[in-house]
>>> print(open('my_file-v6.cif').read())   # mmCIF, C-alpha atoms and all ligand atoms
data_start
#
loop_
_atom_site.label_atom_id
_atom_site.label_comp_id
_atom_site.auth_asym_id
_atom_site.auth_seq_id
_atom_site.Cartn_x
_atom_site.Cartn_y
_atom_site.Cartn_z
CA MET A 1 56.85 -19.65 -63.49
CA SER A 2 59.88 -18.78 -61.54
CA GLY A 3 61.03 -16.85 -58.52
CA HIS A 4 62.30 -13.44 -59.46
CA ASP A 5 65.70 -12.39 -58.24
CA LEU A 6 66.07 -9.85 -55.51
CA PRO A 7 67.80 -6.71 -56.82
CA PHE A 8 69.80 -6.55 -53.56
CA GLU A 9 71.23 -8.85 -50.90
CA LEU A 10 69.45 -9.48 -47.63
CA PRO A 11 72.05 -8.80 -44.91
CA ALA A 12 72.49 -11.61 -42.37
CA VAL A 13 71.12 -9.31 -39.64
CA GLY A 14 68.72 -6.45 -40.27
CA LEU A 15 67.05 -4.09 -37.82
CA GLY A 16 63.50 -4.92 -36.69
CA THR A 17 61.44 -1.99 -35.45
CA TRP A 18 58.28 -3.52 -33.98
CA GLN A 19 57.37 -1.71 -30.74
CA MET A 20 59.82 1.11 -31.41
CA TRP A 21 58.13 4.48 -31.56
CA GLY A 22 58.85 8.19 -31.63
CA GLU A 23 62.29 9.37 -30.55
CA ASP A 24 63.32 5.86 -29.50
CA ALA A 25 62.62 4.58 -33.00
CA GLU A 26 64.36 7.53 -34.66
CA ARG A 27 67.44 7.15 -32.47
CA GLY A 28 67.43 3.35 -32.71
CA VAL A 29 67.34 3.45 -36.50
CA ARG A 30 70.07 6.11 -36.69
CA ASP A 31 72.29 4.20 -34.24
CA ALA A 32 71.76 0.94 -36.11
CA ILE A 33 72.73 2.52 -39.43
CA GLU A 34 75.80 4.13 -37.85
CA LEU A 35 76.80 0.73 -36.46
CA GLY A 36 76.52 -0.92 -39.87
CA TYR A 37 72.93 -2.18 -40.24
CA ARG A 38 71.86 -1.95 -43.86
CA LEU A 39 68.32 -3.37 -43.74
CA ILE A 40 65.50 -1.72 -41.78
CA ASP A 41 62.26 -3.64 -41.31
CA THR A 42 59.03 -1.86 -40.51
CA ALA A 43 55.32 -2.23 -41.32
CA ALA A 44 52.33 0.03 -41.76
CA ALA A 45 50.85 -1.77 -38.74
CA TYR A 46 53.78 -0.77 -36.51
CA ARG A 47 52.68 2.88 -36.72
CA ASN A 48 56.31 4.01 -36.74
CA GLU A 49 57.14 4.59 -40.40
CA LYS A 50 57.47 8.35 -39.83
CA ALA A 51 59.99 7.90 -37.00
CA VAL A 52 61.84 5.20 -38.96
CA GLY A 53 62.07 7.59 -41.93
CA ALA A 54 63.36 10.35 -39.66
CA GLY A 55 66.03 7.97 -38.30
CA ILE A 56 67.12 7.05 -41.82
CA ARG A 57 67.43 10.72 -42.83
CA SER A 58 69.23 11.77 -39.66
CA SER A 59 71.82 9.00 -40.19
CA GLY A 60 72.85 10.81 -43.38
CA ILE A 61 73.16 7.53 -45.28
CA ASP A 62 72.68 7.46 -49.03
CA PRO A 63 69.26 5.75 -49.35
CA GLY A 64 70.70 3.63 -52.16
CA GLU A 65 72.87 1.84 -49.59
CA LEU A 66 69.91 0.78 -47.50
CA VAL A 67 67.22 -1.87 -47.90
CA VAL A 68 63.95 -0.50 -46.53
CA VAL A 69 61.29 -3.14 -45.92
CA THR A 70 57.69 -2.36 -45.09
CA LYS A 71 54.54 -4.45 -44.98
CA PHE A 72 51.01 -4.05 -46.19
CA PRO A 73 48.39 -4.97 -43.56
CA GLU A 74 46.27 -7.65 -45.21
CA GLU A 75 43.16 -6.36 -43.45
CA GLU A 76 43.49 -3.22 -45.61
CA ALA A 77 42.88 -5.26 -48.79
CA GLY A 78 41.38 -3.02 -51.45
CA ARG A 79 43.37 0.03 -50.23
CA GLU A 80 46.80 -1.12 -51.43
CA ARG A 81 47.60 2.04 -53.38
CA GLU A 82 46.64 4.47 -50.58
CA VAL A 83 48.53 2.45 -47.99
CA LEU A 84 51.62 2.27 -50.21
CA HIS A 85 51.59 6.03 -50.82
CA THR A 86 51.19 6.63 -47.08
CA SER A 87 54.19 4.36 -46.37
CA LEU A 88 56.26 6.20 -49.01
CA ASP A 89 55.29 9.60 -47.57
CA LEU A 90 55.87 8.65 -43.95
CA LEU A 91 59.19 6.97 -44.66
CA GLY A 92 60.16 9.87 -46.93
CA VAL A 93 61.53 7.61 -49.67
CA GLU A 94 60.86 7.54 -53.40
CA ARG A 95 60.35 3.79 -53.42
CA ILE A 96 60.20 0.89 -51.05
CA ASP A 97 62.95 -1.67 -51.53
CA LEU A 98 60.88 -4.63 -50.35
CA TRP A 99 57.10 -4.56 -49.85
CA LEU A 100 55.56 -7.56 -48.10
CA ILE A 101 51.99 -8.77 -47.58
CA HIS A 102 52.06 -8.86 -43.79
CA ALA A 103 50.10 -12.11 -43.47
CA PRO A 104 48.02 -14.33 -45.73
CA LEU A 105 44.29 -14.10 -46.35
CA ASP A 106 42.48 -16.98 -48.07
CA ALA A 107 43.94 -17.84 -51.49
CA ALA A 108 41.65 -15.50 -53.45
CA GLY A 109 42.18 -12.64 -50.98
CA SER A 110 45.98 -12.96 -51.04
CA LEU A 111 45.92 -13.13 -54.84
CA ARG A 112 43.92 -9.89 -55.11
CA ILE A 113 46.50 -8.08 -52.96
CA TRP A 114 49.35 -9.68 -54.92
CA GLU A 115 47.97 -8.37 -58.21
CA ARG A 116 48.16 -4.83 -56.81
CA PHE A 117 51.72 -5.58 -55.60
CA LEU A 118 52.70 -6.61 -59.13
CA GLU A 119 51.32 -3.32 -60.47
CA ALA A 120 53.25 -1.32 -57.86
CA ARG A 121 56.46 -3.09 -58.85
CA GLU A 122 55.72 -2.52 -62.52
CA GLU A 123 55.33 1.21 -61.81
CA GLY A 124 58.63 1.32 -59.93
CA LEU A 125 57.07 2.30 -56.60
CA VAL A 126 58.67 -0.79 -55.01
CA ARG A 127 61.80 -2.63 -56.06
CA ALA A 128 60.82 -6.11 -54.89
CA ILE A 129 57.69 -7.74 -53.52
CA GLY A 130 57.18 -10.60 -51.14
CA VAL A 131 55.06 -12.08 -48.40
CA SER A 132 55.25 -12.73 -44.69
CA ASN A 133 53.93 -15.50 -42.46
CA PHE A 134 52.89 -17.58 -45.48
CA LEU A 135 52.99 -21.36 -45.11
CA PRO A 136 54.70 -23.23 -47.96
CA HIS A 137 51.39 -24.31 -49.52
CA GLN A 138 50.14 -20.69 -49.40
CA VAL A 139 53.30 -19.52 -51.18
CA ASP A 140 52.72 -22.16 -53.85
CA ALA A 141 49.04 -21.27 -54.29
CA LEU A 142 49.94 -17.60 -54.80
CA THR A 143 52.72 -18.45 -57.24
CA GLU A 144 50.56 -20.82 -59.25
CA ALA A 145 47.62 -18.44 -59.44
CA SER A 146 49.68 -15.36 -60.41
CA GLY A 147 52.64 -16.90 -62.25
CA VAL A 148 55.01 -14.85 -60.06
CA ALA A 149 56.72 -16.17 -56.95
CA PRO A 150 57.32 -13.81 -54.05
CA ALA A 151 60.96 -12.71 -53.80
CA VAL A 152 60.93 -13.18 -50.02
CA ASN A 153 58.86 -14.89 -47.32
CA GLN A 154 59.52 -13.34 -43.90
CA ILE A 155 58.54 -15.89 -41.26
CA ALA A 156 59.25 -16.98 -37.72
CA PHE A 157 62.12 -19.41 -38.26
CA GLY A 158 63.91 -20.62 -35.17
CA PRO A 159 64.97 -23.82 -33.41
CA HIS A 160 61.79 -24.05 -31.38
CA TYR A 161 59.60 -24.47 -34.44
CA TYR A 162 62.19 -25.74 -36.86
CA ASP A 163 60.83 -27.66 -39.82
CA ALA A 164 63.59 -29.09 -42.00
CA ASP A 165 61.40 -28.92 -45.12
CA VAL A 166 60.73 -25.17 -45.03
CA ALA A 167 64.10 -23.81 -46.23
CA PRO A 168 64.52 -26.33 -49.09
CA HIS A 169 60.91 -25.70 -50.17
CA HIS A 170 61.62 -21.99 -50.59
CA ALA A 171 65.11 -22.46 -52.05
CA ALA A 172 63.75 -24.77 -54.76
CA ARG A 173 61.41 -21.97 -55.84
CA GLY A 174 64.01 -19.20 -55.77
CA ILE A 175 62.33 -17.54 -52.78
CA ALA A 176 64.52 -16.02 -50.06
CA LEU A 177 63.54 -16.73 -46.47
CA GLN A 178 63.96 -14.03 -43.84
CA ALA A 179 63.49 -14.84 -40.15
CA HIS A 180 61.68 -12.50 -37.81
CA SER A 181 61.64 -12.59 -33.98
CA PRO A 182 64.80 -14.66 -33.45
CA PHE A 183 64.69 -13.98 -29.70
CA SER A 184 61.08 -13.24 -28.81
CA GLU A 185 59.73 -16.45 -30.34
CA ASN A 186 62.35 -18.80 -28.93
CA ASP A 187 62.78 -20.06 -25.38
CA LEU A 188 65.99 -18.34 -24.30
CA ALA A 189 66.03 -20.33 -21.05
CA HIS A 190 65.81 -23.76 -22.69
CA PRO A 191 68.44 -26.05 -21.13
CA VAL A 192 69.77 -27.23 -24.51
CA LEU A 193 70.28 -23.65 -25.66
CA ARG A 194 71.84 -22.66 -22.35
CA ALA A 195 74.23 -25.61 -22.34
CA ILE A 196 75.46 -24.76 -25.85
CA ALA A 197 75.85 -21.09 -24.90
CA GLU A 198 77.85 -22.07 -21.82
CA ARG A 199 80.12 -24.33 -23.84
CA HIS A 200 80.83 -21.54 -26.35
CA GLY A 201 81.14 -18.86 -23.65
CA CYS A 202 78.42 -16.76 -25.24
CA THR A 203 74.79 -15.86 -24.66
CA ALA A 204 71.72 -17.84 -25.70
CA ARG A 205 70.89 -15.00 -28.11
CA GLN A 206 74.29 -15.29 -29.76
CA VAL A 207 73.70 -19.04 -30.17
CA LEU A 208 70.39 -18.31 -31.86
CA LEU A 209 71.95 -15.84 -34.32
CA ARG A 210 74.73 -18.33 -35.06
CA TRP A 211 72.05 -20.97 -35.70
CA HIS A 212 70.38 -18.66 -38.24
CA ARG A 213 73.71 -17.96 -39.92
CA ALA A 214 74.50 -21.68 -40.11
CA HIS A 215 71.14 -22.25 -41.81
CA ARG A 216 71.93 -19.28 -44.10
CA VAL A 217 68.68 -17.58 -43.18
CA PRO A 218 68.95 -13.81 -42.73
CA THR A 219 67.12 -12.40 -39.77
CA VAL A 220 65.64 -9.14 -38.46
CA VAL A 221 66.33 -8.34 -34.82
CA LYS A 222 64.91 -5.47 -32.79
CA SER A 223 66.97 -3.46 -30.35
CA THR A 224 67.19 0.14 -29.18
CA SER A 225 70.36 -0.46 -27.17
CA ARG A 226 73.68 0.36 -28.85
CA THR A 227 75.32 -2.46 -26.89
CA HIS A 228 72.77 -5.01 -28.08
CA LEU A 229 72.82 -3.67 -31.64
CA THR A 230 76.60 -4.13 -31.70
CA GLU A 231 76.43 -7.59 -30.14
CA ASN A 232 73.83 -8.76 -32.67
CA LEU A 233 76.04 -7.77 -35.61
CA ASP A 234 79.11 -9.46 -34.21
CA THR A 235 80.16 -12.50 -36.21
CA THR A 236 83.50 -13.10 -34.54
CA GLY A 237 82.46 -15.99 -32.27
CA HIS A 238 82.89 -19.72 -32.97
CA SER A 239 80.36 -21.18 -35.35
CA LEU A 240 78.19 -23.99 -34.06
CA ASP A 241 79.34 -27.52 -34.77
CA PRO A 242 77.10 -30.17 -36.38
CA VAL A 243 76.29 -31.71 -32.97
CA ASP A 244 75.09 -28.32 -31.64
CA MET A 245 73.08 -27.75 -34.79
CA ALA A 246 71.39 -31.14 -34.60
CA ALA A 247 70.51 -30.60 -30.93
CA LEU A 248 69.00 -27.19 -31.71
CA ASP A 249 67.15 -28.43 -34.80
CA ARG A 250 65.55 -31.12 -32.63
CA LEU A 251 63.93 -28.45 -30.45
CA GLY A 252 61.29 -27.97 -33.15
CA ILE A 253 58.01 -28.52 -31.36
CA ASN A 254 55.60 -26.50 -33.46
CA PRO A 255 56.54 -26.37 -37.12
CA THR A 256 54.04 -23.62 -37.87
CA PRO A 257 55.47 -20.16 -38.53
CA GLY A 258 54.72 -17.99 -35.53
CA GLN A 259 52.55 -15.05 -34.84
CA ARG A 260 52.16 -11.96 -36.97
CA ALA A 261 53.57 -8.74 -35.56
N1 LIG B 1 56.42 -10.28 -40.26
C1 LIG B 1 55.91 -10.39 -39.06
O1 LIG B 1 54.74 -10.73 -38.83
C2 LIG B 1 56.81 -10.11 -37.88
C3 LIG B 1 56.48 -10.65 -36.62
C4 LIG B 1 57.33 -10.35 -35.55
C5 LIG B 1 58.47 -9.58 -35.76
N2 LIG B 1 58.75 -9.08 -37.00
C6 LIG B 1 59.95 -8.25 -37.24
O2 LIG B 1 61.04 -8.90 -36.60
C7 LIG B 1 61.64 -8.00 -35.69
C8 LIG B 1 62.27 -8.74 -34.53
O3 LIG B 1 61.29 -9.42 -33.77
P1 LIG B 1 60.81 -8.91 -32.33
O4 LIG B 1 60.85 -7.44 -32.29
O5 LIG B 1 59.55 -9.64 -32.08
O6 LIG B 1 61.83 -9.50 -31.30
P2 LIG B 1 63.37 -9.96 -31.27
O7 LIG B 1 64.17 -9.15 -32.22
O8 LIG B 1 63.38 -11.43 -31.40
O9 LIG B 1 63.75 -9.56 -29.78
C9 LIG B 1 63.72 -8.21 -29.38
C10 LIG B 1 63.93 -8.15 -27.88
O10 LIG B 1 65.21 -8.66 -27.55
C11 LIG B 1 65.97 -7.65 -26.89
N3 LIG B 1 67.34 -7.76 -27.36
C12 LIG B 1 67.79 -7.60 -28.63
N4 LIG B 1 69.10 -7.85 -28.70
C13 LIG B 1 69.50 -8.18 -27.46
C14 LIG B 1 70.77 -8.53 -26.90
N5 LIG B 1 71.86 -8.63 -27.67
N6 LIG B 1 70.81 -8.80 -25.57
C15 LIG B 1 69.70 -8.70 -24.80
N7 LIG B 1 68.49 -8.39 -25.27
C16 LIG B 1 68.38 -8.11 -26.59
C17 LIG B 1 65.33 -6.34 -27.26
O11 LIG B 1 65.48 -5.39 -26.21
P3 LIG B 1 66.42 -4.07 -26.37
O12 LIG B 1 65.70 -3.15 -27.34
O13 LIG B 1 66.49 -3.55 -24.98
O14 LIG B 1 67.74 -4.52 -26.89
C18 LIG B 1 63.86 -6.74 -27.38
O15 LIG B 1 63.25 -6.77 -26.10
C19 LIG B 1 60.49 -7.06 -35.31
O16 LIG B 1 60.97 -5.90 -34.68
C20 LIG B 1 59.84 -6.85 -36.64
O17 LIG B 1 60.59 -5.91 -37.41
C21 LIG B 1 57.94 -9.33 -38.06
#
>>> encode(input="my_file-v6.cif", output="structure tokens", more="lines below")
Ligand SMILES: NC(=O)c1ccc[n+]([C@@H]2O[C@H](COP(=O)([O-])OP(=O)(O)OC[C@H]3O[C@@H](n4cnc5c(N)ncnc54)[C@H](OP(=O)(O)O)[C@@H]3O)[C@@H](O)[C@H]2O)c1
Amino acid sequence: MSGHDLPFELPAVGLGTWQMWGEDAERGVRDAIELGYRLIDTAAAYRNEKAVGAGIRSSGIDPGELVVVTKFPEEEAGREREVLHTSLDLLGVERIDLWLIHAPLDAAGSLRIWERFLEAREEGLVRAIGVSNFLPHQVDALTEASGVAPAVNQIAFGPHYYDADVAPHHAARGIALQAHSPFSENDLAHPVLRAIAERHGCTARQVLLRWHRAHRVPTVVKSTSRTHLTENLDTTGHSLDPVDMAALDRLGINPTPGQRA
């Protein structure tokens, strides 16, 4: 039983597309690709796969250079194949690079979905399969029951709910973590965060992205503003020192991965 390798790298910052629709989503995706984003994260539940696909096509990028992530809504259990074909059609791609179970069901329910995921990967409809919002024990239950570890677990991973055991747990099993909602699930006004930002002459959001980089956890960030998209990719600032990191890690108040979106 082992984690299977991802056939691609997860970029440090990918584009999130929750609550981006229509022309905004199409333009946001195209702008992000033009600015250098190489991972686009969507979900069947976001109801924007068509616009995301249009943005990808209008960017003119070779699809082979992009990692397209979409998620299967767990409440659609039993309809995996139809939902996957709908995602492929709407996105206008031949295969999904990374297909995630959006959130866990009970162990038997998650396993039934996972078995369909394994078939889809076998058939080449998806390159890699993973999960989202799974707690470590849920990841282990799925792996033990199926014999195949998810390639990725996309979770809320930020200072305000930091649990020092989560990253090593996944690393030991060969599972890549990916953080969602780096801004929306953290308290941007927290005095510790603000003090560190002030000391580094940057914004609280930049501190958060530096924190993710220091923990070597790639993240997906949503923006439809070219200025923000550029800022979120920028890695030129000072990295955080161990004192900053310890202060931020201590903000963990609720070590449960956050809400599904
Ligand atoms: N798997 C899951 O269950 C799950 C759950 C939640 C999220 N996600 C994924 O993670 C992505 C990111 O999470 P999120 O959308 O919740 O929120 P987020 O990326 O943490 O924050 C997005 C918000 O921050 C603003 N923003 C972004 N960059 C900024 C900057 N440099 N300066 C100022 N404001 C900035 C955006 O506004 P502007 O557009 O105006 O820049 C938007 O209002 C989602 O889009 C989705 O793809 C997955």
>>> residues_around(input="my_file-v6.cif", residues="His169 (chain A)", least_positions_apart="3", cutoff="12 Å", atoms="all atoms listed in the file", output="ChimeraX atom specification")
/A:135-140,153,163-166,172-177
>>> closest_residue(input="my_file-v6.cif", among="A:Lys222, A:His238, A:Arg194, A:Arg112", to="ligand LIG 1 (chain B)", atoms="all atoms listed in the file")
A:Lys222
>>> residues_near_ligand(input="my_file-v6.cif", ligand="ligand LIG 1 (chain B)", cutoff="6 Å", atoms="all atoms listed in the file", output="list in words")
Gly16, Thr17, Trp18, Asp41, Thr42, His102, Ser132, Gln154, His180, Ser181, Pro182, Phe183, Ser184, Val220, Val221, Lys222, Ser223, Thr224, Ser225, His228, Glu231, Asn232, Arg260 and Ala261 of chain A
>>> residues_near_point(input="my_file-v6.cif", point="(74.1, -9.8, -42.4)", cutoff="9 Å", atoms="all atoms listed in the file", output="mmCIF file with C-alpha atoms, keeping the file's coordinate frame")
data_model
loop_
_atom_site.group_PDB
_atom_site.id
_atom_site.type_symbol
_atom_site.label_atom_id
_atom_site.label_comp_id
_atom_site.auth_asym_id
_atom_site.auth_seq_id
_atom_site.Cartn_x
_atom_site.Cartn_y
_atom_site.Cartn_z
ATOM 1 C CA LEU A 10 69.450 -9.480 -47.630
ATOM 2 C CA PRO A 11 72.050 -8.800 -44.910
ATOM 3 C CA ALA A 12 72.490 -11.610 -42.370
ATOM 4 C CA VAL A 13 71.120 -9.310 -39.640
ATOM 5 C CA GLY A 14 68.720 -6.450 -40.270
ATOM 6 C CA TYR A 37 72.930 -2.180 -40.240
ATOM 7 C CA ARG A 38 71.860 -1.950 -43.860
ATOM 8 C CA LEU A 39 68.320 -3.370 -43.740
ATOM 9 C CA ARG A 213 73.710 -17.960 -39.920
ATOM 10 C CA PRO A 218 68.950 -13.810 -42.730
ATOM 11 C CA THR A 219 67.120 -12.400 -39.770
ATOM 12 C CA LEU A 233 76.040 -7.770 -35.610
#
>>> residues_around(input="my_file-v6.cif", residues="Gln206 (chain A)", least_positions_apart="4", cutoff="9 Å", atoms="only C-alpha atoms", output="PyMOL selection string")
chain A and resi 197+202+210-211+231-232+234+237
>>> build_atoms(input="my_file-v6.cif", residues="region 225-241 of chain A", atoms="N, CA, C and O atoms", output="PDB file, in the frame of the given file")
ATOM      1  N   SER A 225      69.149  -0.640 -27.980  1.00  0.00           N
ATOM      2  CA  SER A 225      70.360  -0.460 -27.170  1.00  0.00           C
ATOM      3  C   SER A 225      71.585  -0.571 -28.079  1.00  0.00           C
ATOM      4  O   SER A 225      71.724  -1.543 -28.833  1.00  0.00           O
ATOM      5  N   ARG A 226      72.482   0.401 -27.994  1.00  0.00           N
ATOM      6  CA  ARG A 226      73.680   0.360 -28.850  1.00  0.00           C
ATOM      7  C   ARG A 226      74.506  -0.899 -28.551  1.00  0.00           C
ATOM      8  O   ARG A 226      75.073  -1.506 -29.447  1.00  0.00           O
ATOM      9  N   THR A 227      74.551  -1.265 -27.266  1.00  0.00           N
ATOM     10  CA  THR A 227      75.320  -2.460 -26.890  1.00  0.00           C
ATOM     11  C   THR A 227      74.730  -3.699 -27.559  1.00  0.00           C
ATOM     12  O   THR A 227      75.440  -4.526 -28.143  1.00  0.00           O
ATOM     13  N   HIS A 228      73.418  -3.826 -27.478  1.00  0.00           N
ATOM     14  CA  HIS A 228      72.770  -5.010 -28.080  1.00  0.00           C
ATOM     15  C   HIS A 228      72.881  -4.981 -29.607  1.00  0.00           C
ATOM     16  O   HIS A 228      73.116  -6.014 -30.234  1.00  0.00           O
ATOM     17  N   LEU A 229      72.711  -3.783 -30.171  1.00  0.00           N
ATOM     18  CA  LEU A 229      72.820  -3.670 -31.640  1.00  0.00           C
ATOM     19  C   LEU A 229      74.204  -4.146 -32.094  1.00  0.00           C
ATOM     20  O   LEU A 229      74.337  -4.868 -33.088  1.00  0.00           O
ATOM     21  N   THR A 230      75.224  -3.748 -31.347  1.00  0.00           N
ATOM     22  CA  THR A 230      76.600  -4.130 -31.700  1.00  0.00           C
ATOM     23  C   THR A 230      76.776  -5.637 -31.537  1.00  0.00           C
ATOM     24  O   THR A 230      77.325  -6.321 -32.410  1.00  0.00           O
ATOM     25  N   GLU A 231      76.278  -6.148 -30.413  1.00  0.00           N
ATOM     26  CA  GLU A 231      76.430  -7.590 -30.140  1.00  0.00           C
ATOM     27  C   GLU A 231      75.742  -8.418 -31.239  1.00  0.00           C
ATOM     28  O   GLU A 231      76.270  -9.428 -31.692  1.00  0.00           O
ATOM     29  N   ASN A 232      74.581  -7.966 -31.689  1.00  0.00           N
ATOM     30  CA  ASN A 232      73.830  -8.760 -32.670  1.00  0.00           C
ATOM     31  C   ASN A 232      74.468  -8.770 -34.050  1.00  0.00           C
ATOM     32  O   ASN A 232      74.192  -9.662 -34.855  1.00  0.00           O
ATOM     33  N   LEU A 233      75.343  -7.800 -34.316  1.00  0.00           N
ATOM     34  CA  LEU A 233      76.040  -7.770 -35.610  1.00  0.00           C
ATOM     35  C   LEU A 233      77.352  -8.548 -35.584  1.00  0.00           C
ATOM     36  O   LEU A 233      77.933  -8.815 -36.627  1.00  0.00           O
ATOM     37  N   ASP A 234      77.781  -8.868 -34.372  1.00  0.00           N
ATOM     38  CA  ASP A 234      79.110  -9.460 -34.210  1.00  0.00           C
ATOM     39  C   ASP A 234      79.154 -10.897 -34.745  1.00  0.00           C
ATOM     40  O   ASP A 234      78.364 -11.733 -34.339  1.00  0.00           O
ATOM     41  N   THR A 235      80.074 -11.141 -35.647  1.00  0.00           N
ATOM     42  CA  THR A 235      80.160 -12.500 -36.210  1.00  0.00           C
ATOM     43  C   THR A 235      81.488 -13.157 -35.851  1.00  0.00           C
ATOM     44  O   THR A 235      81.912 -14.112 -36.493  1.00  0.00           O
ATOM     45  N   THR A 236      82.142 -12.613 -34.808  1.00  0.00           N
ATOM     46  CA  THR A 236      83.500 -13.100 -34.540  1.00  0.00           C
ATOM     47  C   THR A 236      83.532 -14.419 -33.742  1.00  0.00           C
ATOM     48  O   THR A 236      84.551 -15.080 -33.719  1.00  0.00           O
ATOM     49  N   GLY A 237      82.428 -14.792 -33.123  1.00  0.00           N
ATOM     50  CA  GLY A 237      82.460 -15.990 -32.270  1.00  0.00           C
ATOM     51  C   GLY A 237      82.567 -17.278 -33.065  1.00  0.00           C
ATOM     52  O   GLY A 237      82.418 -17.295 -34.283  1.00  0.00           O
ATOM     53  N   HIS A 238      82.825 -18.379 -32.336  1.00  0.00           N
ATOM     54  CA  HIS A 238      82.890 -19.720 -32.970  1.00  0.00           C
ATOM     55  C   HIS A 238      81.569 -20.065 -33.624  1.00  0.00           C
ATOM     56  O   HIS A 238      80.512 -19.814 -33.054  1.00  0.00           O
ATOM     57  N   SER A 239      81.633 -20.702 -34.800  1.00  0.00           N
ATOM     58  CA  SER A 239      80.360 -21.180 -35.350  1.00  0.00           C
ATOM     59  C   SER A 239      79.959 -22.465 -34.625  1.00  0.00           C
ATOM     60  O   SER A 239      80.774 -23.106 -33.950  1.00  0.00           O
ATOM     61  N   LEU A 240      78.698 -22.802 -34.757  1.00  0.00           N
ATOM     62  CA  LEU A 240      78.190 -23.990 -34.060  1.00  0.00           C
ATOM     63  C   LEU A 240      78.646 -25.233 -34.820  1.00  0.00           C
ATOM     64  O   LEU A 240      78.718 -25.218 -36.049  1.00  0.00           O
ATOM     65  N   ASP A 241      78.929 -26.309 -34.078  1.00  0.00           N
ATOM     66  CA  ASP A 241      79.340 -27.520 -34.770  1.00  0.00           C
ATOM     67  C   ASP A 241      78.097 -28.356 -35.109  1.00  0.00           C
ATOM     68  O   ASP A 241      76.996 -28.062 -34.645  1.00  0.00           O
TER      69      ASP A 241
END
